[in-house]
There are 2 protein chains.
Amino acid sequence: MISNYELLAERVRHNRLKDKIMTPQEAASMVKDGYTLGVSGMARAGYPKTFPLALAERGRGGEKLKVNIYSGASVGEELDGELSSLGMINRRLPYQSVKSIRNHINNRTIRFVDQHLSQTAEQVRYGYLGKVDLAVIEALGITEDGGIIPTTSVTNSPTYAREAEAVIVEINTVQPEELEGVHDVYIPGDPPFRREIPIYRAQDRVGLPYIEVPPEKIKGIIGSDIPDNPYSIEIPDQVSLAIADQLCAFLNREVNAGRLPATLLPVQGGIGTIGNAILEGLADFKGVEIYSEVLQDNVFKLMEEGIIAAASGCAITLSPEGQKRYLPRIGLFKDRLVLRPQEISNHPEIIRRLGVIAINTAVELDIYGQVNSTHTMGSKMLNGIGGSGDFARNGSLSIFATPATMKGGNISSIVPMVTHVDNTEHDVMVIVTEEGIADLRGLSGEERAESIIENCASPLYRPLLLDYLREAARISGGNRPHLLDKAYSWHLRLQDTGTMLP
Amino acid sequence: MISNYELLAERVRHNRLKDKIMTPQEAASMVKDGYTLGVSGMARAGYPKTFPLALAERGRGGEKLKVNIYSGASVGEELDGELSSLGMINRRLPYQSVKSIRNHINNRTIRFVDQHLSQTAEQVRYGYLGKVDLAVIEALGITEDGGIIPTTSVTNSPTYAREAEAVIVEINTVQPEELEGVHDVYIPGDPPFRREIPIYRAQDRVGLPYIEVPPEKIKGIIGSDIPDNPYSIEIPDQVSLAIADQLCAFLNREVNAGRLPATLLPVQGGIGTIGNAILEGLADFKGVEIYSEVLQDNVFKLMEEGIIAAASGCAITLSPEGQKRYLPRIGLFKDRLVLRPQEISNHPEIIRRLGVIAINTAVELDIYGQVNSTHTMGSKMLNGIGGSGDFARNGSLSIFATPATMKGGNISSIVPMVTHVDNTEHDVMVIVTEEGIADLRGLSGEERAESIIENCASPLYRPLLLDYLREAARISGGNRPHLLDKAYSWHLRLQDTGTMLP
C-alpha cells in the first residue's frame, strides 16, 4: 500500500499526520502480546483488513502473540478468520459470525463475551472491560482537524478511539468517498448528571461527521483496497415471503385499529433473508422511518421508491449487487441516511422514545414465548445476542419471526422449552411464522401457549405441543406448567434420531 | 364512611365535587360484569380498600360478577385476597404477592399477566390491554382544580385515571396529609415525536403534585380509614447481613478502583429483608441518592442520618413501626423525597441516564448467570418479575443477590440450569451470596461458571456444580456446555427426595 502513498496522502487532509503513513506491517509491529485491540466493524462492514492480515503474518511467522479483539459486531475473514485460525485471539466480544472463529468459541479456546450491542462502548468507558491498548479503525480519510471519517459502519469506534492508548487508521481507498457526511458521531456523557440524547426522529443529527481524536494519538496510518466481505442475501423463499405477508397484514390491522400511525412507527429490522423479505413487505406503507442497526439492500431500494422516508443505523451491509448499485451513489441518500455509533442506534432511551417496532428473528422459541437467539442444544453458540435485546426490550412493539420448522420439518422452531433464553417472554409481544401470528399482548401464560401453538406451530408439531401443555398442566400445574423431566425430550430425540418427531 | 361526610368534604377542595361523595356500596354498584378496573397501589401501599370490600359484598351476595384488575403491583388482602377468594377476578396484571390470589393464579383460574412494571401504563395508553372501564384511586384528597392527590404510592394511577371511562376516588383519612407535595406526576407523550423525560437527578421534579383529571370524570368519592397492610420486615439474619457485607465491600472496591464516585451512583434496592440489609450497609457511603421503586424503612432512617441525600420511588412501604415512626412526619423529607408513576421510577431512559446501581434478588440462578425471578420448579408463579428487569437491563451495574442455599441447605440457589429465565445472563454483571462475589463483567461463559461456582455457591454444592460443568464440557462441548438430560436433575431430585443433595 505504501506504493500508493500519494493516494493515501490525499485522504489525509491534516498535514502533519501525513508523516504517520506507514505500511500495515509497521503498524502491526506496534502490537504486543496480551494487547486489547478495539476495532471498527459490524456485520462485515467497515472493519480493518490490511492491519489484521499483517498481524496474522507475525503469528504465521511463529511469534507467540495473543490479543483480545473488541469490535462493533461481526467482522470479516481477514480479521476473525485469520487471527482465530492462527490461535491469536484470547478474548473476543461482543459478537461474531464467521464460522472459523465460531469453532474456537465453541471449543472454548477463545473466551467469547456475548453482549447487548448497545452496552460495549459504555462498559469500556466505565472501565469494566479493562484497558483498550490500540484502536484500529477503518476510515475514508482524516479531516483537516485530525478527525477520522468512518466508512460503512461507525460501531464502537468513537469510544475505542477515545479510550485507547493509541490509534491506527486504516484508510480504505475502495470505500466510496461519497460516504463522508453520512455519519453522526456522538458519545453520551457518563453518569452522574448526564443529559438526554437529543434524538427525536430517525434522521436527527446530534454529533460530528467524524471521530474526534487528538492528532498525536494517531500513531499510524495505513492503506487498504480490500472491499467489505459482501453479505450474500438469498432470494426470499416461500417461507420468508409468507412470514413477511403475515407480519405486514398484522401491521396493517394495527394501523386500522388505530394502534399505529399509517406511516407506522420507526422500524428496526433484522438482518438476512427473513429481515429483507419483511422490509420488502413495508411497501404497503408510505413514509416509514427506519431506526435500526444494520441497513441492507432493501432499505436503499425502498428509499429510492419513496417507501422509506429516512433510515438510521450503525452499519451498511450490502450484497455484491448492492455494493455495486448503491455505494457509488450513496451521497444521494445523505439527507435521510444517518450512520451512528451502535451505542446510539441501539440505545434504550432512543428506542423507547421513538416507539420503535422491533422485528427480530429467533433460533427457537417455546410455548410461553421465551426466545433463544444464540445457542443450539443449550450449549453451542451461533452468533450472539447482537442487538435483539436492545430493541425487543425497549420497542413499543416487539416481534419475533421464525420459520415454523427447520431441516425439512425435523426441527420445530417452537419447542416445549427453549434450551437457552436470550429474550424473555416479558419482551415478546408478537410471534410470527409462515403459519400465522400469535399476538401475546395482555395474555396469561396458558393463553400465550395456546395462541403460539394454534397460530404459529407447524401442523406437524401442533398436536405434540398441545399434548405436552396438557400433560404439564395435569401433572405439574402452576401458572406456566412445564414437565422438567420432558422439557428437553424433543431436543434429546433430535440428537438421538435426527428428528424431533416421535 | 358517609357518616364521616364532613371529614371527607374537607378533603375535597373542589366544591362541585363534594356532591360526588357517596358510600363505597354506591360506588361499587357502578361496576358491571366484565369491567376492567385500573386500581392504584404497589407493594401494599396506596391501594383502594373500602371499594373492593364493597365490591366483594356484591359477590358474597351471590351476584355473578367477574372483573379484570390492573394495578400498580401488589395490593392488600382487601382487594386481591377478597376478590380472588370469591372468584371475582378474571384477568390480573402486572404483579401480585398475596397468597390467596397466588393459588388461583397457579390453578389458572385467574389469568395472570406478568409484566415489567414500567410497561403497563404505556401498554394501556397504546391500547394493547383493552379499555379500562373504571379507575379506582386511593387519595389524600382532591385539589381546588379537581386534581387527585395520591397517598403512599403513585403507580399507574395517572394513566388509569386518564384512560378510564370514569374515576372513583377513595379518600383515605388515615393516610397522613403530610404526603401532599411528595408526588411528581408526569405522563410521557406517546410516539412518534415525543420528547425526553427531563429527569437528571433522583430529586428532580418534572410534573404536578397531583393527578390531573377532568372533574366530570370523577363519578364517585368514597371514604376509607383502613391503613395500608403493613409490610413485616424481619430483623436481618446472619445470611442477609453477610450478603450485605459482601456487596458493600464490593462497592467500596469499585469506588477505590475509580469505577464509581465516592457517593456511588443512584441506587435501586430490592424489597424485603436482604434489600433492607443491603441498604443498611450503605452507611459506609455519604450522600447516596436512591432511584428505586419501593421505598422501605431504611431509606427514611438513612435520610435522617444524612447517608441518603435524596430518594425517588413510586411507593412507600413501611413496617408497622415505620408507619408509626415516619408517616406522621413525612413532610420533613419532602425536599429530597419524590414519589413518581412507576413508568417513570422504572423508566429505561432515566435508569440508563442516571447509571443506576441495580440490586435485585433472585429466586435461583444458574452457573452461567441466568436468573429466575418468578417461578418455582419452572411452573409455579411466586410474585412476578416486578421491576427487576427494568433496572437490571438498564442500570450501569446490575447486581443479583441471593442466599447460597435455602431450606436448611436442601436447596441450592445456584443450580446447573434455572427452570425459568426472567433476567438473562446478558443483564447480570455481579452475583452476591453470603459466600462471596462473582464479578462477571467481561467474562466468557466458562469463566462465568467458574466464578459463580467458586465464589457464590455453598461449599455443600460446589463440587457437584463443578462435576456438572466438567461433564457437560466433556460430553456436550460448546460455549456454554449443558447436559440437557441432567440440567434439571437437581430439581427432580428435590421433588423426589426433598433435597437437591444426592
# chains A, B, ... in the order shown; residues from 1 in each chain; ligands from 1
>>> interface_residues(of="chain B", to="chain A", cutoff="7 Å", atoms="only C-alpha atoms", output="PyMOL selection string")
chain B and resi 105-108+111-113+115-116+126-129+191-196+200-201+259+265+348-349+353-355+378-381+421-422+424+426+441-444+476-482+484+488
>>> select_by_dssp(residues="stretch 242-445 of chain B", states="alpha helix (DSSP H)", output="MDAnalysis selection string")
chainID B and resid 242:256 273:281 297:304 320:326 342:345 348:354 388:394 445
>>> residues_around(residues="stretch 244-256 of chain A", least_positions_apart="3", cutoff="12 Å", atoms="only C-alpha atoms", output="ChimeraX atom specification")
/A:236-241,259-265,267,269,273-285,357-361,397-403,430-439,455-456 /B:126-128
>>> select_by_dssp(residues="stretch 370-417 of chain B", states="strand (DSSP E or B)", output="ChimeraX atom specification")
/B:371-372,375-376,380-381,397-401,405-406,411-412,414-415
>>> write_last_selection(atoms="C-alpha atoms", output="PDB file, in the first residue's frame")
ATOM      1  CA  VAL B 371     -31.716 -15.540  36.727  1.00  0.00           C
ATOM      2  CA  ASN B 372     -35.077 -16.931  37.721  1.00  0.00           C
ATOM      3  CA  HIS B 375     -41.228 -19.403  39.223  1.00  0.00           C
ATOM      4  CA  THR B 376     -40.522 -22.453  41.365  1.00  0.00           C
ATOM      5  CA  LYS B 380     -45.444 -22.185  39.831  1.00  0.00           C
ATOM      6  CA  MET B 381     -45.561 -18.388  39.916  1.00  0.00           C
ATOM      7  CA  LEU B 397     -24.188  -2.039  37.410  1.00  0.00           C
ATOM      8  CA  SER B 398     -26.592  -4.937  37.616  1.00  0.00           C
ATOM      9  CA  ILE B 399     -26.288  -6.990  40.782  1.00  0.00           C
ATOM     10  CA  PHE B 400     -28.314 -10.013  41.882  1.00  0.00           C
ATOM     11  CA  ALA B 401     -28.287 -11.181  45.475  1.00  0.00           C
ATOM     12  CA  THR B 405     -28.904 -22.152  49.937  1.00  0.00           C
ATOM     13  CA  MET B 406     -32.485 -22.338  51.161  1.00  0.00           C
ATOM     14  CA  ILE B 411     -31.998 -26.253  48.030  1.00  0.00           C
ATOM     15  CA  SER B 412     -29.042 -24.685  46.289  1.00  0.00           C
ATOM     16  CA  ILE B 414     -27.231 -21.874  42.302  1.00  0.00           C
ATOM     17  CA  VAL B 415     -28.274 -24.715  40.038  1.00  0.00           C
TER      18      VAL B 415
END
>>> residues_around(residues="A:Ala449", least_positions_apart="2", cutoff="8 Å", atoms="only C-alpha atoms", output="ChimeraX atom specification")
/A:367-369,445-447,451-453,469
>>> write_last_selection(atoms="N, CA and C atoms", output="PDB file, in the first residue's frame")
ATOM      1  N   ILE A 367     -43.316 -22.540  24.150  1.00  0.00           N
ATOM      2  CA  ILE A 367     -44.773 -22.356  24.198  1.00  0.00           C
ATOM      3  C   ILE A 367     -45.177 -21.120  25.001  1.00  0.00           C
ATOM      4  N   TYR A 368     -44.322 -20.647  25.878  1.00  0.00           N
ATOM      5  CA  TYR A 368     -44.677 -19.430  26.624  1.00  0.00           C
ATOM      6  C   TYR A 368     -44.052 -18.176  26.019  1.00  0.00           C
ATOM      7  N   GLY A 369     -43.290 -18.373  24.945  1.00  0.00           N
ATOM      8  CA  GLY A 369     -42.736 -17.208  24.267  1.00  0.00           C
ATOM      9  C   GLY A 369     -41.349 -16.817  24.731  1.00  0.00           C
ATOM     10  N   GLY A 445     -50.082 -16.841  30.870  1.00  0.00           N
ATOM     11  CA  GLY A 445     -49.177 -17.896  30.426  1.00  0.00           C
ATOM     12  C   GLY A 445     -49.885 -18.946  29.591  1.00  0.00           C
ATOM     13  N   GLU A 446     -50.998 -19.450  30.092  1.00  0.00           N
ATOM     14  CA  GLU A 446     -51.724 -20.505  29.384  1.00  0.00           C
ATOM     15  C   GLU A 446     -52.254 -19.996  28.042  1.00  0.00           C
ATOM     16  N   GLU A 447     -52.767 -18.766  28.047  1.00  0.00           N
ATOM     17  CA  GLU A 447     -53.267 -18.197  26.790  1.00  0.00           C
ATOM     18  C   GLU A 447     -52.143 -17.984  25.780  1.00  0.00           C
ATOM     19  N   SER A 451     -52.107 -19.673  22.127  1.00  0.00           N
ATOM     20  CA  SER A 451     -52.014 -18.835  20.941  1.00  0.00           C
ATOM     21  C   SER A 451     -50.810 -19.202  20.082  1.00  0.00           C
ATOM     22  N   ILE A 452     -49.686 -19.427  20.725  1.00  0.00           N
ATOM     23  CA  ILE A 452     -48.467 -19.765  19.963  1.00  0.00           C
ATOM     24  C   ILE A 452     -48.645 -21.104  19.258  1.00  0.00           C
ATOM     25  N   ILE A 453     -49.166 -22.086  19.981  1.00  0.00           N
ATOM     26  CA  ILE A 453     -49.324 -23.423  19.381  1.00  0.00           C
ATOM     27  C   ILE A 453     -50.332 -23.366  18.231  1.00  0.00           C
ATOM     28  N   LEU A 469     -48.436 -29.518  26.718  1.00  0.00           N
ATOM     29  CA  LEU A 469     -49.073 -28.490  27.552  1.00  0.00           C
ATOM     30  C   LEU A 469     -50.110 -29.118  28.493  1.00  0.00           C
TER      31      LEU A 469
END
>>> atom_distance(atom1="atom CA of A:Leu7", atom2="atom CA of A:Gly46")
19.1 Å
>>> closest_residue(among="B:Ala362, B:Leu17, B:Val154, B:Val136", to="B:Ala392", atoms="only C-alpha atoms")
B:Ala362
>>> atom_distance(atom1="atom CA of B:Ser292", atom2="atom CA of A:Ala121")
25.2 Å
>>> residues_around(residues="stretch 30-41 of chain A", least_positions_apart="5", cutoff="7 Å", atoms="only C-alpha atoms", output="list in words")
Gly46, Tyr47, Pro48, Leu65, Lys66, Val67, Asn68, Ile69, Tyr70, Ser71, Gly72, Ala73, Ser74, Val75, Val132, Asp133, Leu134, Ala135, Val136, Ile137, Glu138, Ser153, Val154, Thr155, Asn156, Ser157 and Tyr160 of chain A
>>> write_last_selection(atoms="C-alpha atoms", output="PDB file, in the first residue's frame")
ATOM      1  CA  GLY A  46     -16.163  -1.141   7.881  1.00  0.00           C
ATOM      2  CA  TYR A  47     -13.671  -3.382   9.701  1.00  0.00           C
ATOM      3  CA  PRO A  48      -9.888  -3.154   9.315  1.00  0.00           C
ATOM      4  CA  LEU A  65       1.153 -13.341  20.133  1.00  0.00           C
ATOM      5  CA  LYS A  66      -2.365 -13.375  21.545  1.00  0.00           C
ATOM      6  CA  VAL A  67      -4.687 -10.397  21.595  1.00  0.00           C
ATOM      7  CA  ASN A  68      -8.175  -9.537  22.744  1.00  0.00           C
ATOM      8  CA  ILE A  69     -10.461  -8.325  19.974  1.00  0.00           C
ATOM      9  CA  TYR A  70     -13.228  -5.895  20.902  1.00  0.00           C
ATOM     10  CA  SER A  71     -15.224  -4.970  17.820  1.00  0.00           C
ATOM     11  CA  GLY A  72     -18.562  -3.471  16.942  1.00  0.00           C
ATOM     12  CA  ALA A  73     -20.006  -6.823  15.973  1.00  0.00           C
ATOM     13  CA  SER A  74     -19.101  -9.380  13.297  1.00  0.00           C
ATOM     14  CA  VAL A  75     -16.144  -8.619  11.084  1.00  0.00           C
ATOM     15  CA  VAL A 132      -8.023  -0.807  25.263  1.00  0.00           C
ATOM     16  CA  ASP A 133      -4.418  -0.614  24.094  1.00  0.00           C
ATOM     17  CA  LEU A 134      -4.878   0.104  20.439  1.00  0.00           C
ATOM     18  CA  ALA A 135      -7.866   1.244  18.396  1.00  0.00           C
ATOM     19  CA  VAL A 136      -7.776   0.172  14.749  1.00  0.00           C
ATOM     20  CA  ILE A 137     -10.327   1.977  12.656  1.00  0.00           C
ATOM     21  CA  GLU A 138     -11.169   1.694   9.001  1.00  0.00           C
ATOM     22  CA  SER A 153     -20.013   1.453   9.870  1.00  0.00           C
ATOM     23  CA  VAL A 154     -19.480   3.554  12.976  1.00  0.00           C
ATOM     24  CA  THR A 155     -19.969   0.900  15.685  1.00  0.00           C
ATOM     25  CA  ASN A 156     -17.857   1.402  18.838  1.00  0.00           C
ATOM     26  CA  SER A 157     -15.003   3.213  17.107  1.00  0.00           C
ATOM     27  CA  TYR A 160     -12.321   2.870  21.247  1.00  0.00           C
TER      28      TYR A 160
END
>>> closest_residue(among="A:Thr159, A:Thr50, A:Gln268, A:Gln495", to="A:Asn346", atoms="only C-alpha atoms")
A:Gln268
>>> residues_around(residues="B:Ser224", least_positions_apart="6", cutoff="8 Å", atoms="only C-alpha atoms", output="short mmCIF file (atom, residue, chain, number, x, y, z; two decimals) with all heavy atoms, in the first residue's frame")
data_model
loop_
_atom_site.label_atom_id
_atom_site.label_comp_id
_atom_site.auth_asym_id
_atom_site.auth_seq_id
_atom_site.Cartn_x
_atom_site.Cartn_y
_atom_site.Cartn_z
N MET B 1 -68.69 5.11 56.14
CA MET B 1 -67.86 6.29 55.94
C MET B 1 -68.71 7.54 55.70
O MET B 1 -68.29 8.64 56.01
CB MET B 1 -66.92 6.09 54.74
CG MET B 1 -65.99 4.91 54.90
SD MET B 1 -65.01 4.96 56.41
CE MET B 1 -65.53 3.41 57.17
N LYS B 49 -59.34 0.27 49.37
CA LYS B 49 -59.69 -0.76 50.35
C LYS B 49 -61.19 -0.88 50.55
O LYS B 49 -61.75 -1.98 50.47
CB LYS B 49 -58.99 -0.45 51.69
CG LYS B 49 -57.47 -0.59 51.61
CD LYS B 49 -56.72 0.40 52.48
CE LYS B 49 -55.24 0.38 52.19
NZ LYS B 49 -54.71 1.68 51.77
N THR B 50 -61.87 0.25 50.82
CA THR B 50 -63.32 0.11 51.06
C THR B 50 -64.05 -0.20 49.77
O THR B 50 -65.08 -0.88 49.79
CB THR B 50 -63.91 1.40 51.69
OG1 THR B 50 -63.68 2.50 50.81
CG2 THR B 50 -63.27 1.68 53.04
N GLU B 170 -61.04 7.15 46.29
CA GLU B 170 -61.24 6.65 47.66
C GLU B 170 -60.32 7.44 48.58
O GLU B 170 -59.10 7.26 48.57
CB GLU B 170 -60.93 5.15 47.72
CG GLU B 170 -61.12 4.56 49.11
CD GLU B 170 -60.95 3.05 49.16
OE1 GLU B 170 -61.53 2.34 48.30
OE2 GLU B 170 -60.22 2.57 50.04
N ILE B 171 -60.92 8.36 49.32
CA ILE B 171 -60.12 9.23 50.18
C ILE B 171 -59.84 8.53 51.50
O ILE B 171 -60.77 8.15 52.23
CB ILE B 171 -60.84 10.57 50.41
CG1 ILE B 171 -60.90 11.32 49.06
CG2 ILE B 171 -60.11 11.41 51.47
CD1 ILE B 171 -61.58 12.66 49.12
N ASN B 172 -58.57 8.31 51.74
CA ASN B 172 -58.18 7.59 52.95
C ASN B 172 -57.77 8.60 54.01
O ASN B 172 -56.72 9.25 53.91
CB ASN B 172 -57.03 6.63 52.63
CG ASN B 172 -56.76 5.69 53.79
OD1 ASN B 172 -56.78 6.11 54.95
ND2 ASN B 172 -56.52 4.43 53.47
N THR B 173 -58.61 8.71 55.03
CA THR B 173 -58.40 9.77 56.01
C THR B 173 -57.37 9.39 57.07
O THR B 173 -57.01 10.22 57.90
CB THR B 173 -59.73 10.15 56.69
OG1 THR B 173 -60.37 8.94 57.14
CG2 THR B 173 -60.64 10.88 55.72
N VAL B 174 -56.88 8.15 57.04
CA VAL B 174 -55.80 7.82 57.98
C VAL B 174 -54.42 7.90 57.32
O VAL B 174 -53.40 7.74 57.98
CB VAL B 174 -55.99 6.43 58.66
CG1 VAL B 174 -57.27 6.44 59.49
CG2 VAL B 174 -55.98 5.29 57.65
#
>>> residues_around(residues="B:Ile221", least_positions_apart="2", cutoff="9 Å", atoms="only C-alpha atoms", output="list in words")
Leu8, Val12, Leu17, Lys18, Asp19, Lys20, Ile21, Met22, Thr23, Pro24, Ala27, Val167, Ile168, Val169, Glu170, Ile171, Ile218, Lys219 and Gly223 of chain B
>>> decode(residues="stretch 431-452 of chain A", atoms="C-alpha atoms", output="compact mmCIF listing (two decimals), in the first residue's frame")
# COMPACT_ATOMS: atom_id res chain seq x y z
CA ILE A 431 -44.63 -14.08 17.23
CA VAL A 432 -44.86 -14.69 13.52
CA THR A 433 -44.20 -17.78 11.45
CA GLU A 434 -45.40 -18.73 7.99
CA GLU A 435 -48.36 -20.35 9.76
CA GLY A 436 -49.63 -17.16 11.33
CA ILE A 437 -49.41 -14.57 14.07
CA ALA A 438 -49.59 -15.03 17.83
CA ASP A 439 -50.48 -11.69 19.40
CA LEU A 440 -49.48 -12.22 23.02
CA ARG A 441 -50.22 -8.76 24.39
CA GLY A 442 -52.22 -8.96 27.60
CA LEU A 443 -52.33 -12.77 27.63
CA SER A 444 -51.73 -15.08 30.57
CA GLY A 445 -49.18 -17.90 30.43
CA GLU A 446 -51.72 -20.50 29.38
CA GLU A 447 -53.27 -18.20 26.79
CA ARG A 448 -49.82 -17.45 25.39
CA ALA A 449 -49.15 -21.15 24.98
CA GLU A 450 -52.47 -21.78 23.28
CA SER A 451 -52.01 -18.83 20.94
CA ILE A 452 -48.47 -19.76 19.96
